[in-house]
$ cat protein_25.pdb   # PDB, C-alpha atoms and all ligand atoms
MODEL        1
ATOM      1  CA  MET A   4      -6.289 -19.743  -7.763
ATOM      2  CA  THR A   5      -3.724 -16.992  -7.409
ATOM      3  CA  PHE A   6      -2.369 -15.332  -4.355
ATOM      4  CA  GLY A   7      -2.707 -11.766  -3.311
ATOM      5  CA  MET A   8      -0.908  -9.715  -0.711
ATOM      6  CA  VAL A   9      -1.104  -6.215   0.629
ATOM      7  CA  ILE A  10       1.691  -4.193   2.143
ATOM      8  CA  LEU A  11       0.797  -1.581   4.733
ATOM      9  CA  GLY A  12       2.947   0.929   6.519
ATOM     10  CA  ARG A  13       3.212   4.616   7.204
ATOM     11  CA  GLN A  14       4.314   6.911   4.414
ATOM     12  CA  GLY A  15       8.093   6.715   4.333
ATOM     13  CA  SER A  16       8.202   3.238   5.858
ATOM     14  CA  GLY A  17       9.893   1.889   2.741
ATOM     15  CA  LYS A  18       6.921  -0.168   1.604
ATOM     16  CA  GLY A  19       7.193   0.953  -2.022
ATOM     17  CA  THR A  20      10.811  -0.177  -2.259
ATOM     18  CA  GLN A  21      10.145  -3.479  -0.550
ATOM     19  CA  ALA A  22       7.067  -4.046  -2.721
ATOM     20  CA  VAL A  23       9.230  -3.887  -5.843
ATOM     21  CA  HIS A  24      11.556  -6.604  -4.455
ATOM     22  CA  ILE A  25       8.658  -8.838  -3.405
ATOM     23  CA  ALA A  26       6.913  -8.535  -6.766
ATOM     24  CA  GLU A  27      10.107  -9.424  -8.565
ATOM     25  CA  GLN A  28      10.959 -12.448  -6.473
ATOM     26  CA  TYR A  29       7.464 -13.916  -6.196
ATOM     27  CA  GLU A  30       6.358 -12.832  -9.677
ATOM     28  CA  VAL A  31       3.202 -11.106  -8.578
ATOM     29  CA  ILE A  32       1.852  -7.905 -10.092
ATOM     30  CA  HIS A  33       2.821  -4.831  -8.089
ATOM     31  CA  ILE A  34      -0.099  -2.425  -7.923
ATOM     32  CA  SER A  35       0.733   0.930  -6.371
ATOM     33  CA  THR A  36      -2.266   3.243  -6.204
ATOM     34  CA  GLY A  37       0.066   6.213  -5.593
ATOM     35  CA  ASP A  38       1.990   5.405  -8.794
ATOM     36  CA  MET A  39      -1.256   4.980 -10.734
ATOM     37  CA  LEU A  40      -2.517   8.340  -9.504
ATOM     38  CA  ARG A  41       0.795  10.065 -10.257
ATOM     39  CA  ALA A  42       0.697   8.629 -13.787
ATOM     40  CA  ALA A  43      -2.828   9.991 -14.214
ATOM     41  CA  VAL A  44      -1.694  13.423 -13.016
ATOM     42  CA  LYS A  45       1.187  13.367 -15.480
ATOM     43  CA  GLU A  46      -1.073  12.369 -18.357
ATOM     44  CA  GLY A  47      -3.572  15.036 -17.392
ATOM     45  CA  THR A  48      -6.548  12.661 -17.438
ATOM     46  CA  GLU A  49      -9.787  13.620 -15.725
ATOM     47  CA  LEU A  50      -8.834  11.425 -12.789
ATOM     48  CA  GLY A  51      -5.436  13.100 -12.603
ATOM     49  CA  ILE A  52      -6.919  16.571 -12.564
ATOM     50  CA  GLN A  53      -9.342  15.524  -9.835
ATOM     51  CA  ALA A  54      -6.649  13.805  -7.759
ATOM     52  CA  LYS A  55      -3.835  16.350  -7.974
ATOM     53  CA  GLY A  56      -5.198  18.892  -5.495
ATOM     54  CA  LEU A  57      -5.998  16.187  -2.968
ATOM     55  CA  MET A  58      -2.584  14.568  -3.313
ATOM     56  CA  ASP A  59      -0.727  17.851  -2.960
ATOM     57  CA  ALA A  60      -2.656  18.569   0.220
ATOM     58  CA  GLY A  61      -1.974  15.106   1.605
ATOM     59  CA  GLU A  62      -5.687  14.267   1.504
ATOM     60  CA  LEU A  63      -7.072  10.923   0.391
ATOM     61  CA  VAL A  64      -8.753  10.435  -2.946
ATOM     62  CA  PRO A  65     -12.375   9.365  -2.272
ATOM     63  CA  ASP A  66     -13.009   5.643  -1.775
ATOM     64  CA  SER A  67     -15.477   5.541  -4.673
ATOM     65  CA  VAL A  68     -12.782   6.763  -7.066
ATOM     66  CA  ILE A  69      -9.902   4.637  -5.850
ATOM     67  CA  ASN A  70     -12.046   1.504  -5.493
ATOM     68  CA  GLY A  71     -13.033   1.822  -9.145
ATOM     69  CA  ILE A  72      -9.417   2.080 -10.262
ATOM     70  CA  VAL A  73      -8.326  -0.918  -8.208
ATOM     71  CA  GLN A  74     -11.293  -2.997  -9.323
ATOM     72  CA  GLU A  75     -10.449  -2.356 -12.949
ATOM     73  CA  ARG A  76      -6.782  -3.236 -12.396
ATOM     74  CA  LEU A  77      -7.524  -6.456 -10.507
ATOM     75  CA  GLN A  78      -9.709  -7.654 -13.353
ATOM     76  CA  LYS A  79      -6.859  -7.566 -15.839
ATOM     77  CA  GLU A  80      -5.583 -10.840 -17.137
ATOM     78  CA  ASP A  81      -2.029 -10.522 -15.778
ATOM     79  CA  VAL A  82      -3.400 -10.301 -12.243
ATOM     80  CA  SER A  83      -5.619 -13.348 -12.558
ATOM     81  CA  ARG A  84      -2.646 -15.240 -13.930
ATOM     82  CA  SER A  85       0.081 -14.100 -11.527
ATOM     83  CA  GLY A  86      -1.579 -12.691  -8.421
ATOM     84  CA  PHE A  87      -1.030  -9.265  -6.923
ATOM     85  CA  LEU A  88       0.720  -7.160  -4.349
ATOM     86  CA  LEU A  89      -1.186  -4.032  -3.417
ATOM     87  CA  ASP A  90       0.853  -1.081  -2.210
ATOM     88  CA  GLY A  91      -0.990   1.972  -0.881
ATOM     89  CA  TYR A  92      -4.364   0.209  -0.907
ATOM     90  CA  PRO A  93      -6.462  -0.333   1.124
ATOM     91  CA  ARG A  94      -6.102   2.831   3.143
ATOM     92  CA  THR A  95      -9.545   2.998   4.764
ATOM     93  CA  VAL A  96     -11.933   0.418   6.175
ATOM     94  CA  GLY A  97     -14.238   1.163   3.223
ATOM     95  CA  GLN A  98     -11.439   0.167   0.856
ATOM     96  CA  ALA A  99     -10.676  -2.971   2.868
ATOM     97  CA  ILE A 100     -14.297  -4.072   2.637
ATOM     98  CA  GLU A 101     -14.223  -3.484  -1.107
ATOM     99  CA  LEU A 102     -11.002  -5.443  -1.428
ATOM    100  CA  ARG A 103     -12.493  -8.386   0.407
ATOM    101  CA  ASN A 104     -15.304  -8.415  -2.167
ATOM    102  CA  LEU A 105     -12.906  -8.116  -5.066
ATOM    103  CA  ALA A 106     -10.263 -10.595  -3.979
ATOM    104  CA  ASN A 107     -12.149 -12.916  -1.609
ATOM    105  CA  ASP A 108     -10.010 -15.982  -0.966
ATOM    106  CA  ASP A 109      -7.029 -14.811  -2.994
ATOM    107  CA  LEU A 110      -5.904 -12.383  -0.306
ATOM    108  CA  LYS A 111      -3.431 -14.363   1.767
ATOM    109  CA  LEU A 112      -1.185 -11.956   3.608
ATOM    110  CA  ALA A 113      -1.113  -8.389   4.887
ATOM    111  CA  ILE A 114       2.354  -7.186   5.758
ATOM    112  CA  ASN A 115       2.631  -4.194   8.055
ATOM    113  CA  LEU A 116       5.983  -2.508   7.845
ATOM    114  CA  GLU A 117       6.442  -0.860  11.219
ATOM    115  CA  VAL A 118       8.445   2.366  11.495
ATOM    116  CA  SER A 119       7.811   5.114  14.074
ATOM    117  CA  ILE A 120       6.301   8.500  13.220
ATOM    118  CA  GLU A 121       9.549  10.278  14.164
ATOM    119  CA  GLU A 122      11.632   8.083  11.862
ATOM    120  CA  VAL A 123       9.287   8.326   8.843
ATOM    121  CA  THR A 124       9.018  12.107   9.191
ATOM    122  CA  GLU A 125      12.780  12.387   8.995
ATOM    123  CA  ARG A 126      12.953  10.053   6.008
ATOM    124  CA  MET A 127      10.257  11.946   4.094
ATOM    125  CA  ILE A 128      11.825  15.327   4.698
ATOM    126  CA  SER A 129      15.096  14.051   3.292
ATOM    127  CA  ARG A 130      13.625  12.347   0.184
ATOM    128  CA  GLY A 131      12.162  15.669  -1.051
ATOM    129  CA  ARG A 132       9.316  14.424  -3.280
ATOM    130  CA  GLU A 133       7.134  17.145  -4.794
ATOM    131  CA  ASP A 134       4.163  16.406  -2.526
ATOM    132  CA  ASP A 135       6.395  16.109   0.562
ATOM    133  CA  THR A 136       5.811  19.565   1.998
ATOM    134  CA  GLU A 137       5.853  19.749   5.764
ATOM    135  CA  GLU A 138       2.091  20.362   5.961
ATOM    136  CA  ALA A 139       1.279  17.537   3.552
ATOM    137  CA  ILE A 140       3.525  15.122   5.453
ATOM    138  CA  ALA A 141       1.853  15.985   8.746
ATOM    139  CA  ARG A 142      -1.592  15.649   7.200
ATOM    140  CA  ARG A 143      -0.785  12.293   5.559
ATOM    141  CA  LEU A 144       0.508  10.891   8.830
ATOM    142  CA  GLU A 145      -2.527  12.173  10.685
ATOM    143  CA  LEU A 146      -4.830  10.538   8.157
ATOM    144  CA  TYR A 147      -2.786   7.354   8.370
ATOM    145  CA  GLU A 148      -3.384   7.087  12.105
ATOM    146  CA  ALA A 149      -7.083   7.926  11.735
ATOM    147  CA  GLU A 150      -8.008   5.972   8.606
ATOM    148  CA  THR A 151      -5.396   3.329   7.960
ATOM    149  CA  ALA A 152      -4.179   2.189  11.387
ATOM    150  CA  PRO A 153      -7.651   0.686  12.147
ATOM    151  CA  LEU A 154      -7.027  -1.676   9.237
ATOM    152  CA  LEU A 155      -4.441  -3.488  11.333
ATOM    153  CA  GLU A 156      -7.231  -4.702  13.547
ATOM    154  CA  TRP A 157      -9.287  -5.601  10.513
ATOM    155  CA  PHE A 158      -6.504  -7.735   9.019
ATOM    156  CA  THR A 159      -5.750  -9.281  12.418
ATOM    157  CA  GLU A 160      -9.347 -10.431  12.598
ATOM    158  CA  GLU A 161      -9.031 -11.829   9.100
ATOM    159  CA  GLY A 162      -6.055 -13.802  10.425
ATOM    160  CA  ILE A 163      -3.623 -12.590   7.774
ATOM    161  CA  LEU A 164      -1.694  -9.744   9.432
ATOM    162  CA  CYS A 165       2.047 -10.031   9.762
ATOM    163  CA  ARG A 166       4.005  -7.279  11.529
ATOM    164  CA  ILE A 167       7.510  -6.588  10.282
ATOM    165  CA  ASP A 168      10.064  -4.330  11.937
ATOM    166  CA  GLY A 169      10.886  -1.740   9.273
ATOM    167  CA  LEU A 170      14.045  -0.419  10.941
ATOM    168  CA  GLY A 171      17.342  -1.525   9.493
ATOM    169  CA  SER A 172      18.906  -1.723   6.063
ATOM    170  CA  GLU A 173      16.803  -2.429   2.974
ATOM    171  CA  THR A 174      18.314  -5.922   2.815
ATOM    172  CA  GLU A 175      17.682  -6.679   6.475
ATOM    173  CA  VAL A 176      14.069  -5.599   6.249
ATOM    174  CA  TYR A 177      13.582  -7.558   3.043
ATOM    175  CA  ALA A 178      14.941 -10.721   4.666
ATOM    176  CA  ARG A 179      12.320 -10.372   7.411
ATOM    177  CA  ILE A 180       9.593 -10.015   4.807
ATOM    178  CA  VAL A 181      10.729 -13.083   2.890
ATOM    179  CA  GLU A 182      10.704 -15.108   6.085
ATOM    180  CA  ALA A 183       7.128 -14.003   6.769
ATOM    181  CA  ILE A 184       5.975 -14.827   3.255
ATOM    182  CA  GLU A 185       7.583 -18.270   3.272
ATOM    183  CA  ASP A 186       6.030 -18.925   6.659
ATOM    184  CA  LYS A 187       2.515 -17.899   5.738
ATOM    185  CA  ILE A 188       2.085 -18.805   2.120
ATOM    186  CA  LEU A 189       4.487 -21.386   0.879
TER     187      LEU A 189
HETATM  188  P1  LIG A 201       2.394   8.041   0.472
HETATM  189  O1  LIG A 201       2.506   6.646   0.993
HETATM  190  O2  LIG A 201       3.628   8.862   0.736
HETATM  191  O3  LIG A 201       1.134   8.734   0.849
HETATM  192  P2  LIG A 201       1.476   7.125  -2.092
HETATM  193  O4  LIG A 201       2.264   7.110  -3.334
HETATM  194  O5  LIG A 201       1.007   5.840  -1.550
HETATM  195  O6  LIG A 201       2.408   7.919  -1.088
HETATM  196  O7  LIG A 201       0.199   8.074  -2.274
HETATM  197  C1  LIG A 201       0.284   9.420  -2.692
HETATM  198  C2  LIG A 201      -1.093  10.096  -2.593
HETATM  199  O8  LIG A 201      -2.025   9.439  -3.462
HETATM  200  C3  LIG A 201      -1.752  10.028  -1.222
HETATM  201  O9  LIG A 201      -1.329  11.076  -0.384
HETATM  202  C4  LIG A 201      -3.241  10.124  -1.590
HETATM  203  O10 LIG A 201      -3.610  11.461  -1.865
HETATM  204  C5  LIG A 201      -3.330   9.344  -2.873
HETATM  205  N1  LIG A 201      -3.649   7.910  -2.650
HETATM  206  C6  LIG A 201      -2.848   6.844  -2.931
HETATM  207  N2  LIG A 201      -3.456   5.683  -2.613
HETATM  208  C7  LIG A 201      -4.678   6.015  -2.120
HETATM  209  C8  LIG A 201      -5.769   5.275  -1.583
HETATM  210  N3  LIG A 201      -5.730   3.930  -1.489
HETATM  211  N4  LIG A 201      -6.856   5.952  -1.160
HETATM  212  C9  LIG A 201      -6.919   7.294  -1.238
HETATM  213  N5  LIG A 201      -5.920   8.052  -1.703
HETATM  214  C10 LIG A 201      -4.806   7.440  -2.153
ENDMDL
END

$ encode --input "protein_25.pdb" --output "structure tokens" --more "lines below"
Ligand code: ADP
Amino acid sequence: MTFGMVILGRQGSGKGTQAVHIAEQYEVIHISTGDMLRAAVKEGTELGIQAKGLMDAGELVPDSVINGIVQERLQKEDVSRSGFLLDGYPRTVGQAIELRNLANDDLKLAINLEVSIEEVTERMISRGREDDTEEAIARRLELYEAETAPLLEWFTEEGILCRIDGLGSETEVYARIVEAIEDKIL
């Protein structure tokens, strides 16, 4: 049996950066749905063409599409050997239900990196990614509150939610995460 984790947090909460550190230290496979979609856009695959407009507008890619991509990735041999850390998935209750089916008992921990809306807005404006227009940022945050925040309750009920204060230096935040992982899993 392997172990799986998810990392949740508003856009700009630093979850991508922290996910890289976690994956390295605990030797789990980092699966970022945003990175996978951006790679598809770059390669110009059918998925990429379909996803680009939605991503630029800050909209979500449909559950049916993203669930298929994640399912395929989780079935790969490296994941069954090493376990996984999902970053950017699940983002809706529909995705969480799918993940439960896919991962069943392997999902051990859901980390929520908590940073306020005001703080993440400032961070995103200053990082200047291509899809970080003001409208897209506002829309992504709105969708986060509507679609993704309810997942906190879902993971609480599953008994695996761990809330981490995301304010502070990268190192400080990472130390909090490590403490939570050691507490819950090891
Ligand atoms: P951010 O956290 O800033 O939104 P991501 O890299 O996680 O950045 O995602 C970029 C975009 O990719 C999202 O705005 C969305 O359009 C799409 N996306 C990524 N993950 C998902 C997902 N799980 N469900 C639906 N859309 C997704």

$ closest_residue --input "protein_25.pdb" --among "A:Ile140, A:Val31, A:Ile100, A:Leu105" --to "A:Leu88" --atoms "all atoms listed in the file"
A:Val31

$ closest_atom_pairs --input "protein_25.pdb" --of "chain A" --to "ligand LIG 201 (chain A)" --cutoff "6 Å" --atoms "all atoms listed in the file" --output "tab-separated table"
residue	atom	partner	partner_atom	distance
A:Gln14	CA	A:LIG201	O1	3.9
A:Thr36	CA	A:LIG201	N2	4.5
A:Gly37	CA	A:LIG201	O4	3.3
A:Asp38	CA	A:LIG201	O4	5.7
A:Leu57	CA	A:LIG201	O10	5.4
A:Met58	CA	A:LIG201	O10	3.6
A:Gly61	CA	A:LIG201	O9	4.5
A:Glu62	CA	A:LIG201	O10	4.9
A:Leu63	CA	A:LIG201	N5	3.7
A:Val64	CA	A:LIG201	N5	3.9
A:Pro65	CA	A:LIG201	C9	5.9
A:Ile69	CA	A:LIG201	N4	5.7
A:Gly91	CA	A:LIG201	O5	4.4
A:Tyr92	CA	A:LIG201	N3	4.0
A:Pro93	CA	A:LIG201	N3	5.1
A:Arg94	CA	A:LIG201	N3	4.8

$ residues_around --input "protein_25.pdb" --residues "A:Leu112" --least-positions-apart "2" --cutoff "9 Å" --atoms "only C-alpha atoms" --output "short mmCIF file (atom, residue, chain, number, x, y, z; two decimals) with C-alpha atoms, in the frame of the given file"
data_model
loop_
_atom_site.label_atom_id
_atom_site.label_comp_id
_atom_site.auth_asym_id
_atom_site.auth_seq_id
_atom_site.Cartn_x
_atom_site.Cartn_y
_atom_site.Cartn_z
CA PHE A 6 -2.37 -15.33 -4.36
CA GLY A 7 -2.71 -11.77 -3.31
CA MET A 8 -0.91 -9.72 -0.71
CA VAL A 9 -1.10 -6.22 0.63
CA ILE A 10 1.69 -4.19 2.14
CA LEU A 110 -5.90 -12.38 -0.31
CA ILE A 114 2.35 -7.19 5.76
CA PHE A 158 -6.50 -7.74 9.02
CA GLY A 162 -6.06 -13.80 10.42
CA ILE A 163 -3.62 -12.59 7.77
CA LEU A 164 -1.69 -9.74 9.43
CA CYS A 165 2.05 -10.03 9.76
CA ILE A 184 5.98 -14.83 3.26
CA LYS A 187 2.52 -17.90 5.74
CA ILE A 188 2.08 -18.80 2.12
#

$ residues_around --input "protein_25.pdb" --residues "stretch 178-182 of chain A" --least-positions-apart "5" --cutoff "8 Å" --atoms "only C-alpha atoms" --output "ChimeraX atom specification"
/A:25,114,167-168

$ residues_around --input "protein_25.pdb" --residues "A:Gly171" --least-positions-apart "5" --cutoff "12 Å" --atoms "only C-alpha atoms" --output "list in words"
Ser16, Gly17, Leu116, Glu117, Val118, Glu122, Val176, Tyr177, Ala178 and Arg179 of chain A

$ resolve_selection --input "protein_25.pdb" --expression "the PyMOL selection byres (((chain A and resi 126) around 12) and not hetatm)" --output "list in words"
Arg13, Gln14, Gly15, Ser16, Gly17, Val118, Ser119, Ile120, Glu121, Glu122, Val123, Thr124, Glu125, Met127, Ile128, Ser129, Arg130, Gly131, Arg132, Asp135, Ile140 and Leu170 of chain A

$ atom_distance --input "protein_25.pdb" --atom1 "atom CA of A:Asp90" --atom2 "atom CA of A:Leu11"
7.0 Å

$ closest_residue --input "protein_25.pdb" --among "A:Leu146, A:Ala183, A:Leu155, A:Ala26" --to "A:Ser85" --atoms "only C-alpha atoms"
A:Ala26

$ atom_distance --input "protein_25.pdb" --atom1 "atom CA of A:Met39" --atom2 "atom CA of A:Ser83"
18.9 Å

$ closest_residue --input "protein_25.pdb" --among "A:Thr136, A:Glu49, A:Leu102, A:Ala113" --to "A:Arg76" --atoms "all atoms listed in the file"
A:Leu102

$ atom_distance --input "protein_25.pdb" --atom1 "atom CA of A:Glu173" --atom2 "atom CA of A:Ile34"
20.1 Å

$ axis_aligned_box --input "protein_25.pdb" --around "stretch 113-119 of chain A" --padding-each-side "4 Å" --output "JSON"
{"center_x": 3.7, "center_y": -1.6, "center_z": 9.5, "size_x": 17.6, "size_y": 21.5, "size_z": 17.2}

$ residues_around --input "protein_25.pdb" --residues "A:Lys55" --least-positions-apart "6" --cutoff "10 Å" --atoms "all atoms listed in the file" --output "PyMOL selection string"
chain A and resi 40-41+43-45+47+61-62+64+134

$ write_last_selection --input "protein_25.pdb" --atoms "C-alpha atoms" --output "compact mmCIF listing (two decimals), in the coordinates of the input"
# COMPACT_ATOMS: atom_id res chain seq x y z
CA LEU A 40 -2.52 8.34 -9.50
CA ARG A 41 0.80 10.06 -10.26
CA ALA A 43 -2.83 9.99 -14.21
CA VAL A 44 -1.69 13.42 -13.02
CA LYS A 45 1.19 13.37 -15.48
CA GLY A 47 -3.57 15.04 -17.39
CA GLY A 61 -1.97 15.11 1.60
CA GLU A 62 -5.69 14.27 1.50
CA VAL A 64 -8.75 10.44 -2.95
CA ASP A 134 4.16 16.41 -2.53

$ resolve_selection --input "protein_25.pdb" --expression "the PyMOL selection byres (((chain A and resi 77-79) around 10) and not hetatm)" --output "VMD selection string"
chain A and resid 32 34 72 to 76 80 to 84 86 to 87 89 102 105 to 106

$ write_last_selection --input "protein_25.pdb" --atoms "C-alpha atoms" --output "short mmCIF file (atom, residue, chain, number, x, y, z; two decimals), in the frame of the given file"
data_model
loop_
_atom_site.label_atom_id
_atom_site.label_comp_id
_atom_site.auth_asym_id
_atom_site.auth_seq_id
_atom_site.Cartn_x
_atom_site.Cartn_y
_atom_site.Cartn_z
CA ILE A 32 1.85 -7.90 -10.09
CA ILE A 34 -0.10 -2.42 -7.92
CA ILE A 72 -9.42 2.08 -10.26
CA VAL A 73 -8.33 -0.92 -8.21
CA GLN A 74 -11.29 -3.00 -9.32
CA GLU A 75 -10.45 -2.36 -12.95
CA ARG A 76 -6.78 -3.24 -12.40
CA GLU A 80 -5.58 -10.84 -17.14
CA ASP A 81 -2.03 -10.52 -15.78
CA VAL A 82 -3.40 -10.30 -12.24
CA SER A 83 -5.62 -13.35 -12.56
CA ARG A 84 -2.65 -15.24 -13.93
CA GLY A 86 -1.58 -12.69 -8.42
CA PHE A 87 -1.03 -9.26 -6.92
CA LEU A 89 -1.19 -4.03 -3.42
CA LEU A 102 -11.00 -5.44 -1.43
CA LEU A 105 -12.91 -8.12 -5.07
CA ALA A 106 -10.26 -10.60 -3.98
#

$ decode --input "protein_25.pdb" --residues "stretch 156-165 of chain A" --atoms "all heavy atoms" --output "mmCIF file, in the first residue's frame"
data_model
loop_
_atom_site.group_PDB
_atom_site.id
_atom_site.type_symbol
_atom_site.label_atom_id
_atom_site.label_comp_id
_atom_site.auth_asym_id
_atom_site.auth_seq_id
_atom_site.Cartn_x
_atom_site.Cartn_y
_atom_site.Cartn_z
ATOM 1 N N GLU A 156 -14.947 20.843 4.111
ATOM 2 C CA GLU A 156 -15.901 20.102 4.933
ATOM 3 C C GLU A 156 -15.850 18.614 4.594
ATOM 4 O O GLU A 156 -15.881 17.757 5.470
ATOM 5 C CB GLU A 156 -17.293 20.654 4.642
ATOM 6 C CG GLU A 156 -18.239 20.548 5.809
ATOM 7 C CD GLU A 156 -19.486 21.355 5.519
ATOM 8 O OE1 GLU A 156 -19.358 22.600 5.337
ATOM 9 O OE2 GLU A 156 -20.552 20.740 5.415
ATOM 10 N N TRP A 157 -15.768 18.362 3.311
ATOM 11 C CA TRP A 157 -15.706 16.981 2.820
ATOM 12 C C TRP A 157 -14.509 16.247 3.440
ATOM 13 O O TRP A 157 -14.628 15.154 3.988
ATOM 14 C CB TRP A 157 -15.602 17.026 1.295
ATOM 15 C CG TRP A 157 -15.145 15.754 0.646
ATOM 16 C CD1 TRP A 157 -13.850 15.352 0.447
ATOM 17 C CD2 TRP A 157 -15.968 14.715 0.119
ATOM 18 N NE1 TRP A 157 -13.807 14.142 -0.179
ATOM 19 C CE2 TRP A 157 -15.093 13.714 -0.397
ATOM 20 C CE3 TRP A 157 -17.341 14.520 0.024
ATOM 21 C CZ2 TRP A 157 -15.566 12.563 -0.988
ATOM 22 C CZ3 TRP A 157 -17.796 13.362 -0.576
ATOM 23 C CH2 TRP A 157 -16.926 12.403 -1.065
ATOM 24 N N PHE A 158 -13.336 16.871 3.388
ATOM 25 C CA PHE A 158 -12.137 16.223 3.922
ATOM 26 C C PHE A 158 -12.149 16.176 5.454
ATOM 27 O O PHE A 158 -11.561 15.268 6.041
ATOM 28 C CB PHE A 158 -10.872 16.907 3.402
ATOM 29 C CG PHE A 158 -10.550 16.549 1.973
ATOM 30 C CD1 PHE A 158 -10.541 17.508 0.979
ATOM 31 C CD2 PHE A 158 -10.267 15.227 1.625
ATOM 32 C CE1 PHE A 158 -10.261 17.168 -0.336
ATOM 33 C CE2 PHE A 158 -9.983 14.873 0.317
ATOM 34 C CZ PHE A 158 -9.981 15.846 -0.668
ATOM 35 N N THR A 159 -12.828 17.137 6.077
ATOM 36 C CA THR A 159 -12.981 17.079 7.537
ATOM 37 C C THR A 159 -13.782 15.838 7.905
ATOM 38 O O THR A 159 -13.431 15.083 8.811
ATOM 39 C CB THR A 159 -13.697 18.343 8.065
ATOM 40 O OG1 THR A 159 -12.948 19.482 7.662
ATOM 41 C CG2 THR A 159 -13.806 18.322 9.576
ATOM 42 N N GLU A 160 -14.873 15.634 7.164
ATOM 43 C CA GLU A 160 -15.699 14.453 7.435
ATOM 44 C C GLU A 160 -14.934 13.158 7.195
ATOM 45 O O GLU A 160 -15.170 12.159 7.876
ATOM 46 C CB GLU A 160 -16.967 14.485 6.570
ATOM 47 C CG GLU A 160 -18.046 15.337 7.216
ATOM 48 C CD GLU A 160 -19.152 15.720 6.248
ATOM 49 O OE1 GLU A 160 -19.374 14.989 5.268
ATOM 50 O OE2 GLU A 160 -19.789 16.767 6.490
ATOM 51 N N GLU A 161 -14.053 13.183 6.239
ATOM 52 C CA GLU A 161 -13.220 12.005 5.968
ATOM 53 C C GLU A 161 -12.158 11.815 7.050
ATOM 54 O O GLU A 161 -11.463 10.807 7.074
ATOM 55 C CB GLU A 161 -12.504 12.155 4.619
ATOM 56 C CG GLU A 161 -13.420 12.316 3.434
ATOM 57 C CD GLU A 161 -13.771 10.988 2.790
ATOM 58 O OE1 GLU A 161 -12.856 10.293 2.335
ATOM 59 O OE2 GLU A 161 -14.966 10.660 2.766
ATOM 60 N N GLY A 162 -12.012 12.847 7.898
ATOM 61 C CA GLY A 162 -11.052 12.765 9.006
ATOM 62 C C GLY A 162 -9.600 12.949 8.604
ATOM 63 O O GLY A 162 -8.695 12.562 9.343
ATOM 64 N N ILE A 163 -9.358 13.564 7.450
ATOM 65 C CA ILE A 163 -7.958 13.684 7.006
ATOM 66 C C ILE A 163 -7.511 15.126 6.770
ATOM 67 O O ILE A 163 -6.417 15.364 6.275
ATOM 68 C CB ILE A 163 -7.678 12.847 5.735
ATOM 69 C CG1 ILE A 163 -8.553 13.290 4.571
ATOM 70 C CG2 ILE A 163 -7.861 11.361 6.005
ATOM 71 C CD1 ILE A 163 -8.135 12.671 3.234
ATOM 72 N N LEU A 164 -8.362 16.101 7.122
ATOM 73 C CA LEU A 164 -7.989 17.498 6.839
ATOM 74 C C LEU A 164 -7.032 18.052 7.881
ATOM 75 O O LEU A 164 -7.219 17.877 9.080
ATOM 76 C CB LEU A 164 -9.219 18.405 6.778
ATOM 77 C CG LEU A 164 -8.877 19.836 6.345
ATOM 78 C CD1 LEU A 164 -8.584 19.890 4.847
ATOM 79 C CD2 LEU A 164 -9.979 20.818 6.703
ATOM 80 N N CYS A 165 -6.021 18.748 7.392
ATOM 81 C CA CYS A 165 -5.079 19.406 8.281
ATOM 82 C C CYS A 165 -4.899 20.848 7.800
ATOM 83 O O CYS A 165 -4.512 21.065 6.660
ATOM 84 C CB CYS A 165 -3.774 18.639 8.206
ATOM 85 S SG CYS A 165 -2.610 19.307 9.332
#
